[in-house]
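What follows is a set of notes on a single structure, which appears directly below.
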There are 4 protein chains.
Amino acid sequence: MTTVGVGMVGYAFMGRAHSQAWRSVGPFFDPPVRPEMVALAGRTEENVRAAAAELGWASAETDWKRLLRRDDIGLIDICTPGDGHAEIAIAALDAGKHVLCEKPLANTVAEAEAMAAAAARAQARGVRSMVGFNYRRVPAVTLAHKLVTDGRIGAVRHVRAQYLQDWLTDPDAPWTWRMDRDRAGSGALGDIGAHIIDTAQFIAGDTLAGVSALTETFVAERPRPDGAGRGRVTVDDAALFIGRTSRGATASFEATRVAAGRKNSLRIEVNGTSGSLAFDLESMNELWFHDGGEDAETAGFRRILVTEPEHPYAGAWWPPGHVLGYEHTFTHQIADLLAAIGEGTDPRPSFADGLQVQRVLAAVQESAERGSGWTSVGGSEHVGGGEHVGGGEHVSSSVERSAG
Amino acid sequence: MTTVGVGMVGYAFMGRAHSQAWRSVGPFFDPPVRPEMVALAGRTEENVRAAAAELGWASAETDWKRLLRRDDIGLIDICTPGDGHAEIAIAALDAGKHVLCEKPLANTVAEAEAMAAAAARAQARGVRSMVGFNYRRVPAVTLAHKLVTDGRIGAVRHVRAQYLQDWLTDPDAPWTWRMDRDRAGSGALGDIGAHIIDTAQFIAGDTLAGVSALTETFVAERPRPDGAGRGRVTVDDAALFIGRTSRGATASFEATRVAAGRKNSLRIEVNGTSGSLAFDLESMNELWFHDGGEDAETAGFRRILVTEPEHPYAGAWWPPGHVLGYEHTFTHQIADLLAAIGEGTDPRPSFADGLQVQRVLAAVQESAERGSGWTSVGGSEHVGGGEHVGGGEHVSSSVERSAG
Amino acid sequence: MTTVGVGMVGYAFMGRAHSQAWRSVGPFFDPPVRPEMVALAGRTEENVRAAAAELGWASAETDWKRLLRRDDIGLIDICTPGDGHAEIAIAALDAGKHVLCEKPLANTVAEAEAMAAAAARAQARGVRSMVGFNYRRVPAVTLAHKLVTDGRIGAVRHVRAQYLQDWLTDPDAPWTWRMDRDRAGSGALGDIGAHIIDTAQFIAGDTLAGVSALTETFVAERPRPDGAGRGRVTVDDAALFIGRTSRGATASFEATRVAAGRKNSLRIEVNGTSGSLAFDLESMNELWFHDGGEDAETAGFRRILVTEPEHPYAGAWWPPGHVLGYEHTFTHQIADLLAAIGEGTDPRPSFADGLQVQRVLAAVQESAERGSGWTSVGGSEHVGGGEHVGGGEHVSSSVERSAG
Amino acid sequence: MTTVGVGMVGYAFMGRAHSQAWRSVGPFFDPPVRPEMVALAGRTEENVRAAAAELGWASAETDWKRLLRRDDIGLIDICTPGDGHAEIAIAALDAGKHVLCEKPLANTVAEAEAMAAAAARAQARGVRSMVGFNYRRVPAVTLAHKLVTDGRIGAVRHVRAQYLQDWLTDPDAPWTWRMDRDRAGSGALGDIGAHIIDTAQFIAGDTLAGVSALTETFVAERPRPDGAGRGRVTVDDAALFIGRTSRGATASFEATRVAAGRKNSLRIEVNGTSGSLAFDLESMNELWFHDGGEDAETAGFRRILVTEPEHPYAGAWWPPGHVLGYEHTFTHQIADLLAAIGEGTDPRPSFADGLQVQRVLAAVQESAERGSGWTSVGGSEHVGGGEHVGGGEHVSSSVERSAG
């Protein structure tokens, strides 16, 4: 059995989620390349040792660069904040290590371009890279993508996406580095807006070509957690845009952290010439599908419970009807990455996909700063279907196109 | 018992709906002024006579101007297409007749301004006018407005509205005058977009101050119903915009007639500083309410079945739990109009409210034509709560403000 | 145009609902026989005159027997409490008047048998009779019946029905005659249980053959509204039973007036060998349909919005997507009755259908009194599809069978 | 850090689910006693070795009795079919090993009584035992139990539970040992009916005192998977009963494997004197709560997304709004078991609780065989709240009562 040693950088929220996925992928997906949880890297020795023990990593390092020099490590999993992604990922790829990098790919387009270039160089040597837009691996989302690819809703005319959270509704919710533009890049836009941009484009099989946007900060200052006065909020609480896709669909997007009562409501609806699909992450095991070919007497949106053996990933877990949760998406992501490594193919979403999302974020930001003026999304990318989806089975996708 | 003679112009879809309301308002609402269905006006004598007999009107006229000369008529109900509204309404008001005018108020801002001026003149003489944005009188919508007015969700930060229909999804759906800009003014924008603009502003107690918009026509030509080739579609199939309100909330709006599978999905959500409300016309007896003051253990959106005696209008109809339908909104509208006439007050939505909606439509159209550039909504209006809502009881509202 | 003069007895809740239906049936359904609202009968002259004026009846009578002697009346509509049904209906039928009788048909099986016998006698002379189980005419229910009749779910295996209300949850809700067994017959069982028995049997196209039941009274005494102490509650607050149908399906039924928070939740689900249907009156414009023939990848319950021209009754009202309410069911009922009179056929539900429901109620009561012992449903009836459903179109049904 | 060595018997579906839980409990719940996955026992050496390697067990045994003799094992986890539970559990307890036994506790009341007796003996020596009714540990279910215990819905009047599956709808679904009464005990009744009995009693804080039941087998023979003709089905496809609880609530239960389109629909609703709760396992992260104390204007069922730090278990996993899946219930179960071992208390559901469920199953079976006659539930048990729920925090429960 082939194996690959894994070194992970970072062990906060994302590091915990990835660790659970590394522990789970073997028993449920039987990947062609088995992962070994070799080392965890962090800054403070005591903490990283404790975390490694708790999360199942065999060793700990206090400098991520040491992971690149170890021969027993073939894959680097980057779970640090976004401003550290570029340095680690480029170094790892250049060192010949496969890379899984958390989203967003970077904080700036320039960083993302450098990363995509490094990924292209590495690819020529058989080194794989992937960006962690995990919601592509919600079975209902993967199924939605497949149904669009299969032509079940025809040509997409409308894309409608919202990501509504409420944890900043209270003006006394404390200030954190996430409210500082220098460190976080943006607010709701990059944090959760990036997710709906990638997920909606993935489902629609299309890319945003231009946008008109606005952003808003409702609470200008927030109390510092240390009690030392109030910190300035220099990022958006909410970001909205309308736009057009490369293929001519209209788009409407909204990301906010101040939608009272909405905990994690990522909603996407696409309307095509012969059908529609709708999804809400708060009910993540369901996909709503309208088949335009149904007779009028019994036509309606179907609530598909995406838990059957015929559905992506679901068959690898439990019997029919047993629902999955948030963390399973990370296991699916790793299963597809390992399958790609085993087969010598390139996994999706690629660093190029991550760069394209970064360009959309930049266009949104630019439009908002220019009074909502129409702003084209720069560059030209391939986006679309992952190569490896579906619990070991391939959901082939020839969706390759250029963003105008 | 005081009575008022009613003359109605037009007897298509809207005329049928209004006739049902004129027949029903007496038994259920016991208005202070009882309506008498005196005369129906239309162009073709045979047809208008048949319609009058079927719909319960005592007489028929083939020229609407004759209604204005009849002493037994004190109220004109205008149910013609939008391009005829201004002439009839202004003449009726100047003749001292109360006027109920279907929405949209007019096809252009200029017409709407003239109508609002006529209404102001008439008001000085105790003559009342009202524009038929009937969805304000869905009990769940009226309740939503009341909860916002009562401060139950705090200050509104987000307004999110969609009106999704699908009857033009099929490219072979036939061409009608509604696809001709000269006659219809606009497409989805004026037809259904006007509804969500008025209804969302009513709920939020706020007005749109500026927008950035785009429109799209997916099917450029449609077969003429007479088989004589294809007609050009010169209006929008879909219109989207983002915007800001006078009080600083963000807004996201979309109106479309090509959302496959969505029959009549008018959805509005408003998020405030201390709560949220959500509504969908396809489930029009329900209002979803999140009270930000609930303890975290049991907080959640409540599904309020708006059918209780404590709810607007509902108590006038049936026992608790018995749902109402689309047409009831017209009966509520007339009940409130008759109450205003009886009390000598001005009903809402006023012609000034209708003009304000017209200005939003014009700003959307202008922005879309200028490449989505930011466009301020012209004028300065009072909008907000109707004076007479709630099945005879007043839901008072002091919501009076200026649109920037 | 043929007409029929109508005389109605009673003008409380049901009388108001029927009056609205008599006023509405003409404009919307264009029945072959046009109704004329000739006279309303009640006991107290002043009250009945006022009610007649308000509800649109041309004259008033203080003795229902006078209605039978009038030549301008051909149809008697009985809206009195159940203990008066038998006398009026039998006299009217014997006098050659068509009869529409509110549900339940009677308070006892003996009365119902006498009424069914009178209906059979009258039928031989071309006189029609119908019992007012109006929920058969909710478009979603009629559609469910049609889909079962069309074989879309195969043979029915499970019938599951609940009618949950909450207006007696509060122990201080006042005592009324409805809590007195001598006058009301039973409590939740006859009041709302009768509805789910008829509606579920109608949808399933099958009849209950035997039951095992229990009833419960949670509040033994309630305050008299006149303040004169407390009245004894001698009827059930809730009734539950399991059973088997004539064709071998299992059945589970529950009717209660003390389900806190449930206002009018009449829920029916039927599972067949190749599909399922589900309905909830609180969302009465929706029918949920699972087609067992769908491929596993996209199978799911469809939410059919029953508002399209292809659906029963809906096309007679408004454009697609516009919802109906509770009262429309009465208009549909009358439309079908008038169509039957015009065509010389027998409408359903017949008095025989009403008798069959009465027998189920009696079996439930008997089982509950005998410690839940299995109790066969007496008699042998034909039940099933109405002859006239669907807004003028026939939904033919050959569902004729015997209850074991 | 204290540890406990675990030996597991069986590695089919349940064994896989338990293994995932043993792997996950440490990182997320930090239990006072850390589990070590010492050995897996099965019959066939090759298979059990492969399974142990895949599922994370350090060694393999081909005889479960060897687990009892190992000093490095302190806890036996029984994941075999029900007919083997009694022998293993009693031997393990007598050998001083803590025991976690899958549900149902046994196939007969006699076996369950012997097991409960063994548990009582062991308890005196500080040895703990628990039966695996994992749905008690769905956070929404645990919260429902807590809200009832806290008095938030008052005294329970109605319990309504359904467990609907459809995997035997097709008459050509193959015969398995689960259709053989000698081996499986019963069909839907013991398999999924046991779940709703335990879960509903847990939520209601009450026990079934008597029942009236019927069972049905729709498909009498099924094709053997080996092609050797057809096997007889000697268990129920569906089981229904009505009943009364010890405290006087009514109960309605239905379990079926032939409800077309229902994949895993475990629905429970309880109505109390001052509120109601509703749950559906297909949407397992949601709890619906009606608070009878809300004012009528805004009263309604709240959809609580049970994913917040204030909710049972949820805080141990991910940030607010991130949903859990089926398998998490097993991790919660083990977390509570380890907490009990660490604190020297007795976990719930106990073997006595499992015996009580067995007695309900026996009463249902007996009633169904006696023509639905009323049948008292034998014995007298304590049931109710688990001692350890809530992600490490105690949800104390003094709910202790006797079943009549």
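As shown in the structure tokens, the chain order sets the letters A, B, ...; within each chain, residues go from 1, and ligands are also counted from 1 in the order they appear.
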
Could you pull the residues within 10 Å of B:Leu67, counting only C-alpha atoms, minus those fewer than 2 positions along the same chain, as number ranges by chain? B: 6-9, 38-41, 60-65, 69-76, 92, 97

Output N, CA and C atoms of each residue in that selection to a file, as a compact mmCIF listing (two decimals), in the first residue's frame.
# COMPACT_ATOMS: atom_id res chain seq x y z
N VAL B 6 -69.89 53.24 -6.45
CA VAL B 6 -68.59 52.94 -7.05
C VAL B 6 -68.74 52.72 -8.54
N GLY B 7 -67.85 53.33 -9.30
CA GLY B 7 -67.74 53.05 -10.73
C GLY B 7 -66.36 52.48 -11.01
N MET B 8 -66.32 51.36 -11.71
CA MET B 8 -65.03 50.73 -11.98
C MET B 8 -64.73 50.78 -13.47
N VAL B 9 -63.47 51.01 -13.80
CA VAL B 9 -63.03 51.03 -15.19
C VAL B 9 -62.13 49.83 -15.44
N VAL B 38 -72.22 50.45 -8.55
CA VAL B 38 -73.13 51.17 -9.42
C VAL B 38 -72.91 50.89 -10.90
N ALA B 39 -71.66 51.02 -11.35
CA ALA B 39 -71.46 50.92 -12.80
C ALA B 39 -70.07 50.41 -13.14
N LEU B 40 -70.01 49.68 -14.24
CA LEU B 40 -68.75 49.18 -14.78
C LEU B 40 -68.56 49.82 -16.15
N ALA B 41 -67.34 50.32 -16.41
CA ALA B 41 -67.08 50.94 -17.71
C ALA B 41 -66.09 50.11 -18.51
N ALA B 60 -73.78 49.37 -16.86
CA ALA B 60 -72.57 49.35 -17.66
C ALA B 60 -72.48 50.63 -18.47
N GLU B 61 -71.25 51.10 -18.67
CA GLU B 61 -71.00 52.28 -19.50
C GLU B 61 -69.90 51.94 -20.49
N THR B 62 -69.97 52.57 -21.68
CA THR B 62 -68.93 52.29 -22.67
C THR B 62 -67.91 53.43 -22.74
N ASP B 63 -68.08 54.43 -21.89
CA ASP B 63 -67.11 55.52 -21.83
C ASP B 63 -66.89 55.86 -20.36
N TRP B 64 -65.64 55.73 -19.93
CA TRP B 64 -65.38 55.96 -18.50
C TRP B 64 -65.73 57.40 -18.09
N LYS B 65 -65.70 58.31 -19.04
CA LYS B 65 -66.00 59.70 -18.69
C LYS B 65 -67.42 59.87 -18.19
N ARG B 69 -69.57 61.83 -14.59
CA ARG B 69 -70.72 62.75 -14.61
C ARG B 69 -71.90 62.23 -13.80
N ARG B 70 -71.83 61.02 -13.34
CA ARG B 70 -72.98 60.46 -12.60
C ARG B 70 -72.94 60.87 -11.14
N ASP B 71 -74.05 61.36 -10.66
CA ASP B 71 -74.13 61.79 -9.26
C ASP B 71 -74.18 60.62 -8.29
N ASP B 72 -74.61 59.45 -8.82
CA ASP B 72 -74.70 58.31 -7.91
C ASP B 72 -73.35 57.59 -7.76
N ILE B 73 -72.32 58.18 -8.30
CA ILE B 73 -70.99 57.59 -8.18
C ILE B 73 -70.07 58.56 -7.47
N GLY B 74 -69.43 58.08 -6.39
CA GLY B 74 -68.54 58.95 -5.63
C GLY B 74 -67.11 58.44 -5.61
N LEU B 75 -66.89 57.26 -6.21
CA LEU B 75 -65.56 56.66 -6.12
C LEU B 75 -65.26 55.95 -7.44
N ILE B 76 -64.11 56.21 -7.99
CA ILE B 76 -63.70 55.56 -9.24
C ILE B 76 -62.57 54.56 -8.95
N ALA B 92 -60.89 62.16 -12.67
CA ALA B 92 -61.80 61.75 -11.59
C ALA B 92 -61.58 62.59 -10.34
N LYS B 97 -64.24 62.92 -7.35
CA LYS B 97 -64.46 61.51 -7.02
C LYS B 97 -63.24 60.96 -6.28

Dump as a CSV table (one decimal) with N, CA and C atoms, in the first residue's frame the residues of chain B that approach chain D to within 10 Å, counting only C-alpha atoms.
chain,number,residue,atom,x,y,z
B,143,LEU,N,-48.4,42.7,9.5
B,143,LEU,CA,-47.9,42.4,10.8
B,143,LEU,C,-46.4,42.7,10.8
B,147,LEU,N,-44.5,45.1,13.4
B,147,LEU,CA,-43.4,44.7,14.3
B,147,LEU,C,-42.2,45.6,14.1
B,286,GLU,N,-47.9,32.9,6.5
B,286,GLU,CA,-46.8,32.7,7.5
B,286,GLU,C,-45.9,34.0,7.5
B,287,LEU,N,-45.5,34.3,8.7
B,287,LEU,CA,-44.4,35.3,8.9
B,287,LEU,C,-43.4,34.7,9.8
B,288,TRP,N,-42.1,34.8,9.4
B,288,TRP,CA,-41.0,34.3,10.2
B,288,TRP,C,-40.4,35.4,10.9
B,289,PHE,N,-40.2,35.2,12.2
B,289,PHE,CA,-39.8,36.3,13.1
B,289,PHE,C,-38.7,35.8,14.0
B,290,HIS,N,-37.5,36.5,14.0
B,290,HIS,CA,-36.5,36.2,15.0
B,290,HIS,C,-36.4,37.3,15.9
B,291,ASP,N,-36.6,37.1,17.2
B,291,ASP,CA,-36.6,38.1,18.3
B,291,ASP,C,-35.2,38.0,18.9
B,295,ASP,N,-33.3,34.1,24.7
B,295,ASP,CA,-32.1,33.5,25.2
B,295,ASP,C,-31.5,32.5,24.2
B,296,ALA,N,-30.2,32.4,24.1
B,296,ALA,CA,-29.5,31.6,23.1
B,296,ALA,C,-30.0,30.2,23.0
B,297,GLU,N,-30.4,29.6,24.2
B,297,GLU,CA,-30.8,28.2,24.2
B,297,GLU,C,-32.0,27.9,23.3
B,298,THR,N,-32.9,28.8,23.3
B,298,THR,CA,-34.2,28.6,22.6
B,298,THR,C,-34.4,29.6,21.5
B,299,ALA,N,-33.4,30.4,21.1
B,299,ALA,CA,-33.6,31.4,20.0
B,299,ALA,C,-33.8,30.7,18.7
B,300,GLY,N,-34.6,31.3,17.8
B,300,GLY,CA,-34.8,30.7,16.5
B,300,GLY,C,-35.9,31.5,15.8
B,301,PHE,N,-36.0,31.3,14.5
B,301,PHE,CA,-37.0,32.0,13.7
B,301,PHE,C,-38.4,31.3,14.0
B,302,ARG,N,-39.4,32.1,14.4
B,302,ARG,CA,-40.7,31.6,14.7
B,302,ARG,C,-41.5,31.6,13.4
B,303,ARG,N,-42.2,30.6,13.2
B,303,ARG,CA,-43.2,30.6,12.1
B,303,ARG,C,-44.5,31.0,12.7
B,304,ILE,N,-44.9,32.3,12.5
B,304,ILE,CA,-46.2,32.8,12.9
B,304,ILE,C,-47.2,32.5,11.9
B,305,LEU,N,-48.2,31.7,12.3
B,305,LEU,CA,-49.4,31.5,11.3
B,305,LEU,C,-50.3,32.7,11.6
B,306,VAL,N,-50.3,33.6,10.6
B,306,VAL,CA,-51.0,34.9,10.8
B,306,VAL,C,-52.5,34.8,10.5
B,307,THR,N,-53.1,34.1,11.4
B,307,THR,CA,-54.6,33.8,11.2
B,307,THR,C,-55.4,34.0,12.5
B,308,GLU,N,-54.8,34.7,13.4
B,308,GLU,CA,-55.4,34.8,14.7
B,308,GLU,C,-56.2,36.1,14.9
B,309,PRO,N,-57.1,36.2,15.8
B,309,PRO,CA,-57.8,37.5,16.0
B,309,PRO,C,-56.9,38.6,16.3
B,310,GLU,N,-55.7,38.3,16.9
B,310,GLU,CA,-54.7,39.4,17.3
B,310,GLU,C,-54.0,39.9,16.0
B,311,HIS,N,-54.2,39.3,14.9
B,311,HIS,CA,-53.4,39.7,13.7
B,311,HIS,C,-54.2,40.6,12.8
B,312,PRO,N,-53.5,41.4,12.0
B,312,PRO,CA,-54.3,42.4,11.1
B,312,PRO,C,-55.2,41.6,10.2

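Every protein or nucleic acid residue with an atom no more than 10 Å from A:Asp198, counting only C-alpha atoms and leaving out same-chain residues fewer than 6 positions away, appears here: Pro104, Phe133, Asn134, Tyr135, Arg136, Ala204, Thr207, Leu208, Pro349, Asp353, Gly354, Gln356, Val357, Gln358, Val360, Val383 and Gly384 of chain A.
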
Please dump the current selection as a PDB file, in the first residue's frame; keep C-alpha atoms.
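This is the output file out12.pdb:
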ATOM      1  CA  PRO A 104      -8.897  32.003   0.696  1.00  0.00           C
ATOM      2  CA  PHE A 133     -12.991  25.411  -0.684  1.00  0.00           C
ATOM      3  CA  ASN A 134     -14.539  22.580   1.265  1.00  0.00           C
ATOM      4  CA  TYR A 135     -18.175  23.396   0.492  1.00  0.00           C
ATOM      5  CA  ARG A 136     -17.688  21.945  -2.983  1.00  0.00           C
ATOM      6  CA  ALA A 204     -23.211  26.910 -12.098  1.00  0.00           C
ATOM      7  CA  THR A 207     -17.440  32.352 -13.692  1.00  0.00           C
ATOM      8  CA  LEU A 208     -18.186  35.923 -12.748  1.00  0.00           C
ATOM      9  CA  PRO A 349     -10.222  23.455  -6.877  1.00  0.00           C
ATOM     10  CA  ASP A 353      -9.299  28.396  -9.167  1.00  0.00           C
ATOM     11  CA  GLY A 354      -8.254  30.062  -5.928  1.00  0.00           C
ATOM     12  CA  GLN A 356      -9.814  33.404  -9.891  1.00  0.00           C
ATOM     13  CA  VAL A 357     -11.853  33.787  -6.682  1.00  0.00           C
ATOM     14  CA  GLN A 358      -9.233  36.260  -5.461  1.00  0.00           C
ATOM     15  CA  VAL A 360     -13.492  38.384  -8.041  1.00  0.00           C
ATOM     16  CA  VAL A 383     -12.741  26.715 -13.184  1.00  0.00           C
ATOM     17  CA  GLY A 384     -15.341  24.102 -12.668  1.00  0.00           C
TER      18      GLY A 384
END

Hey, which of B:Leu281, B:Ala50, B:Val148, B:Ala363 ends up closest to B:Gly325? Count only C-alpha atoms.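 Closest to B:Gly325 of all the choices is B:Leu281.
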
Quick one: DSSP strand (DSSP E or B) residues in stretch 128-169 of chain C, as a list in words? Ser129, Met130, Val131, Gly132, Val156, Arg157, His158, Val159, Arg160, Ala161, Gln162, Tyr163 and Leu164 of chain C

Store the residues picked out above in a file with N, CA and C atoms, as an mmCIF file, in the first residue's frame.
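Wrote it out as out38.cif, contents follow:
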data_model
loop_
_atom_site.group_PDB
_atom_site.id
_atom_site.type_symbol
_atom_site.label_atom_id
_atom_site.label_comp_id
_atom_site.auth_asym_id
_atom_site.auth_seq_id
_atom_site.Cartn_x
_atom_site.Cartn_y
_atom_site.Cartn_z
ATOM 1 N N SER C 129 -78.573 15.267 -3.245
ATOM 2 C CA SER C 129 -78.165 15.588 -1.875
ATOM 3 C C SER C 129 -76.655 15.425 -1.747
ATOM 4 N N MET C 130 -76.118 16.182 -0.818
ATOM 5 C CA MET C 130 -74.661 16.252 -0.653
ATOM 6 C C MET C 130 -74.380 16.634 0.789
ATOM 7 N N VAL C 131 -73.303 16.045 1.355
ATOM 8 C CA VAL C 131 -72.893 16.419 2.698
ATOM 9 C C VAL C 131 -71.610 17.253 2.599
ATOM 10 N N GLY C 132 -71.493 18.236 3.474
ATOM 11 C CA GLY C 132 -70.476 19.272 3.286
ATOM 12 C C GLY C 132 -69.102 18.984 3.859
ATOM 13 N N VAL C 156 -52.333 1.631 -1.763
ATOM 14 C CA VAL C 156 -52.053 2.317 -0.493
ATOM 15 C C VAL C 156 -51.797 1.312 0.624
ATOM 16 N N ARG C 157 -50.716 1.511 1.349
ATOM 17 C CA ARG C 157 -50.375 0.646 2.484
ATOM 18 C C ARG C 157 -50.574 1.329 3.832
ATOM 19 N N HIS C 158 -50.309 2.611 3.877
ATOM 20 C CA HIS C 158 -50.434 3.335 5.145
ATOM 21 C C HIS C 158 -51.258 4.601 4.949
ATOM 22 N N VAL C 159 -52.157 4.848 5.882
ATOM 23 C CA VAL C 159 -52.872 6.116 5.961
ATOM 24 C C VAL C 159 -52.607 6.688 7.354
ATOM 25 N N ARG C 160 -52.191 7.955 7.363
ATOM 26 C CA ARG C 160 -51.764 8.573 8.631
ATOM 27 C C ARG C 160 -52.403 9.955 8.674
ATOM 28 N N ALA C 161 -53.227 10.213 9.662
ATOM 29 C CA ALA C 161 -53.954 11.480 9.664
ATOM 30 C C ALA C 161 -54.016 12.075 11.063
ATOM 31 N N GLN C 162 -53.826 13.366 11.114
ATOM 32 C CA GLN C 162 -53.904 14.089 12.383
ATOM 33 C C GLN C 162 -54.669 15.378 12.156
ATOM 34 N N TYR C 163 -55.458 15.745 13.140
ATOM 35 C CA TYR C 163 -56.069 17.068 13.118
ATOM 36 C C TYR C 163 -55.790 17.670 14.485
ATOM 37 N N LEU C 164 -54.863 18.616 14.499
ATOM 38 C CA LEU C 164 -54.380 19.180 15.758
ATOM 39 C C LEU C 164 -54.814 20.638 15.877
#

Nearest to C:Ala116 among C:Val141, C:Ala58, C:Ile90, C:Ala335, with distances taken over only C-alpha atoms: which residue is it? C:Ile90

As a JSON list (two decimals) with C-alpha atoms, in the first residue's frame, please: every residue in stretch 310-340 of chain D that DSSP puts in helix (DSSP H, G or I).
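In the end it all went to states_11.json:
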[["chain", "number", "residue", "atom", "x", "y", "z"],
["D", 314, "ALA", "CA", -22.56, 21.40, 20.17],
["D", 315, "GLY", "CA", -19.94, 23.60, 21.77],
["D", 316, "ALA", "CA", -17.43, 20.76, 21.85],
["D", 328, "HIS", "CA", -21.75, 12.36, 16.33],
["D", 329, "THR", "CA", -24.43, 10.83, 18.53],
["D", 330, "PHE", "CA", -22.13, 7.89, 19.20],
["D", 331, "THR", "CA", -19.29, 10.16, 20.24],
["D", 332, "HIS", "CA", -21.62, 11.95, 22.65],
["D", 333, "GLN", "CA", -22.75, 8.63, 24.04],
["D", 334, "ILE", "CA", -19.20, 7.55, 24.72],
["D", 335, "ALA", "CA", -18.27, 10.94, 26.16],
["D", 336, "ASP", "CA", -21.06, 10.62, 28.68],
["D", 337, "LEU", "CA", -20.14, 7.02, 29.47],
["D", 338, "LEU", "CA", -16.51, 7.94, 30.11],
["D", 339, "ALA", "CA", -17.60, 10.90, 32.24],
["D", 340, "ALA", "CA", -19.73, 8.57, 34.35]]

Any idea what's packed within 10 Å of C:Ser252, counting only C-alpha atoms, ignoring anything in its chain fewer than 5 positions away? Could you give it as a PyMOL selection string? (chain C and resi 158-162+211-213+240-244+268) or (chain D and resi 240-242+252-254)

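For the atom pair formed by atom CA of C:Glu221 and atom CA of C:Gly187, the distance is 13.9 Å, given to one decimal.
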
Tell me, as a PyMOL selection string, which residues lie within 12 Å of D:Ala117, counting only C-alpha atoms; anything in the same chain fewer than 6 positions away does not count. chain D and resi 86+89-90+93-94+110-111+123-124+129+350-352+354-355

Set the distance at 12 Å and use only C-alpha atoms: which residues neighbour D:Asp166 once local chain neighbours fewer than 5 positions away are removed? I'd like the list as a ChimeraX atom specification. /A:320-321 /C:157-158,271-276,290,292 /D:171,173,188,237-238,255-265

Work out how far apart atom CA of C:Val235 and atom CA of C:Ser186 are and give it in Å to one decimal.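 So the two atoms, atom CA of C:Val235 and atom CA of C:Ser186, lie 5.1 Å apart.
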
What is the distance between atom CA of A:Leu189 and atom CA of A:Gly82, in Å to one decimal?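 Distance reported for this atom pair: 13.6 Å.
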
Which residue out of B:Asp150, B:Glu102, B:Asp226, B:Glu216 has the minimum interatomic distance to B:Gly371 when only C-alpha atoms are used?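 With only C-alpha atoms as the atom set, the closest residue is B:Glu216.
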